[in-house]
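Since the structure comes first, as structure tokens, the remarks are kept for the end.
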Amino acid sequence: MHAARGTDFDVLVVGSCNTDLISYVSRLPKPGETIHGTKFSIGFGGKGANQCVMSSRLGAKTAIVAMVGDDSFGNDTIKNFKNNNVDVGFVGKSSEASTGAAPIAVDDQGQNSIIIVAGANNLLSESHVTDAFASINSCKVLLCQLEIPPATTLTALKLAKRRGVLTVLNPAPAVENLDEEFFRNCDIFCPNETEAELLTSLPVTNVEEAKRASLALLDKGCSKVIITLGVQGSVLTLRDTRTPVHIPVKQVKALDSTGAGDCFIGSLAYYLSSYPDLRLEEIIRRASVIASISVCAAGTQTSFPWKSDISHDEGLFKH
């Protein structure tokens, strides 16, 4: 990893890079079943990479701390970051493991199933994070997920908190009994309904259930919780008020939901860094609109809009 010292970033992501291997099918297969697909494509993925690219496409100055394999997928991943204006100074290469891969199946309704093979993501260490923070002058938002070793993610959150950086944790993929230090060291905790359900042992299938789950997550130590609910929008709850607020989402006809959550999180980070005076409810509304744009196109990063492609009729870039 080689990066210039003293750099300033809007959004710093510590997370995963994967190559998506996407099969389009009429329906998702049952266990033990073989079905025919209609189309296949290869794309760039990994929650860290996706969220970083989305923030950058909206105009945030971004960098990612990540690890790829010394292989063609890794080389292509780095090239893709550069094409999306993401700083790659903290992306390492390893010959000990291949670049992460994610076989994905997408059905006619836009629903998906995903298998993640972590590969080189598992080699991203605490020292990589420490070295990156030593080279950075400042950043406004740190964005983390759970697709790399937990100790590495927690180190990043702690280092950022000490420096007064706004920390956002997307606890995906969710794990039961997540160490409470993760909750205490993030400013915004943002799971989807499935992750919230696993973390709280409460059902989360609708807005009212999400409100109850958000209060349970606050009790674990975080200060702000955003539970995303797909077509049902989001629920925001703050420790100061403990009054959950439902933020509905614009309804669209979905073509492919793959990456929609990452699109939302990346957009959220952009707005947090670029519009710090906006109310959080409005930031969530705007991020939701951008995520709704992404589900109308196929693929993961291929569905993410650039700022120049977004209609200004929505008022998404007004202060």
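Letters A, B, ... mark the chains of the structure tokens in the order given; residue numbers begin at 1 per chain; ligand numbers begin at 1, in order shown.
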
DSSP on the backbone, strand (DSSP E) only: what residues of stretch 83-158 of chain A does that give? Format it as a ChimeraX atom specification.
/A:86-87,91-94,100-106,112-114,136-144

Residues flagged helix (DSSP H, G or I) by DSSP in stretch 92-303 of chain A, as a ChimeraX atom specification:
/A:119-123,126-135,150-162,180-184,193-200,207-218,230-232,260-274,280-294,301-303

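Non-sequential neighbours of stretch 290-301 of chain A (distance at most 6 Å, separation of 2 or more positions within a chain, only C-alpha atoms) are Ala254, Leu255, Asp256, Ser257, Thr258, Gly259, Ala260, Cys263, Phe264, Ala287, Ser288, Ser303 and Phe304 of chain A.
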
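The coordinates place atom CA of A:Gly110 at 29.5 Å from atom CA of A:Asn122.
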
Give the answer as one residue: which of A:Ala102, A:Asn206, A:Thr241, A:Gly92 has the shortest atom-to-atom distance to A:Ile114, using only C-alpha atoms?
A:Ala102

Tell me which protein, DNA and RNA residues are within 10 Å of stretch 103-106 of chain A, counting only C-alpha atoms, leaving out same-chain ones fewer than 6 positions away, and put them as a VMD selection string.
chain A and resid 18 to 29 37 39 to 42 112 to 117 255 to 258 298 to 299

Mind checking which residues fall within 12 Å of A:Phe317, counting only C-alpha atoms, ignoring those fewer than 5 positions away in the same chain, and posting them as a list of chain:residue names?
A:Leu58, A:Gly59, A:Ser267, A:Tyr270, A:Tyr271, A:Ser274, A:Tyr275, A:Leu278, A:Glu282, A:Ile283, A:Arg286, A:Ala287, A:Val289, A:Ile290, A:Lys307, A:Ser308, A:Ile310, A:Ser311, A:His312

Contacts between stretch 130-149 of chain A and stretch 251-311 of chain A, please, where a residue of stretch 251-311 of chain A counts if it comes within 9 Å (with only C-alpha atoms); show its shortest atom pair and distance in Å to one decimal, rows by chain and ascending number, as CSV.
```
residue,atom,partner,partner_atom,distance
A:Ile265,CA,A:Leu143,CA,8.6
A:Gly266,CA,A:Leu143,CA,8.4
A:Ala269,CA,A:Val141,CA,6.6
A:Tyr270,CA,A:Val141,CA,8.5
A:Leu272,CA,A:Val141,CA,7.2
A:Ser273,CA,A:Lys140,CA,5.6
A:Ser274,CA,A:Lys140,CA,8.8
```

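Closest approach to A:Val249 among A:Gly230, A:Gly119, A:Gly43, A:Pro31 is made by A:Gly230 (distances from only C-alpha atoms).
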
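If you measure from each of A:Leu280, A:Leu268, A:Val88, A:Leu123 to A:Ala60 using only C-alpha atoms, the closest one turns out to be A:Leu268.
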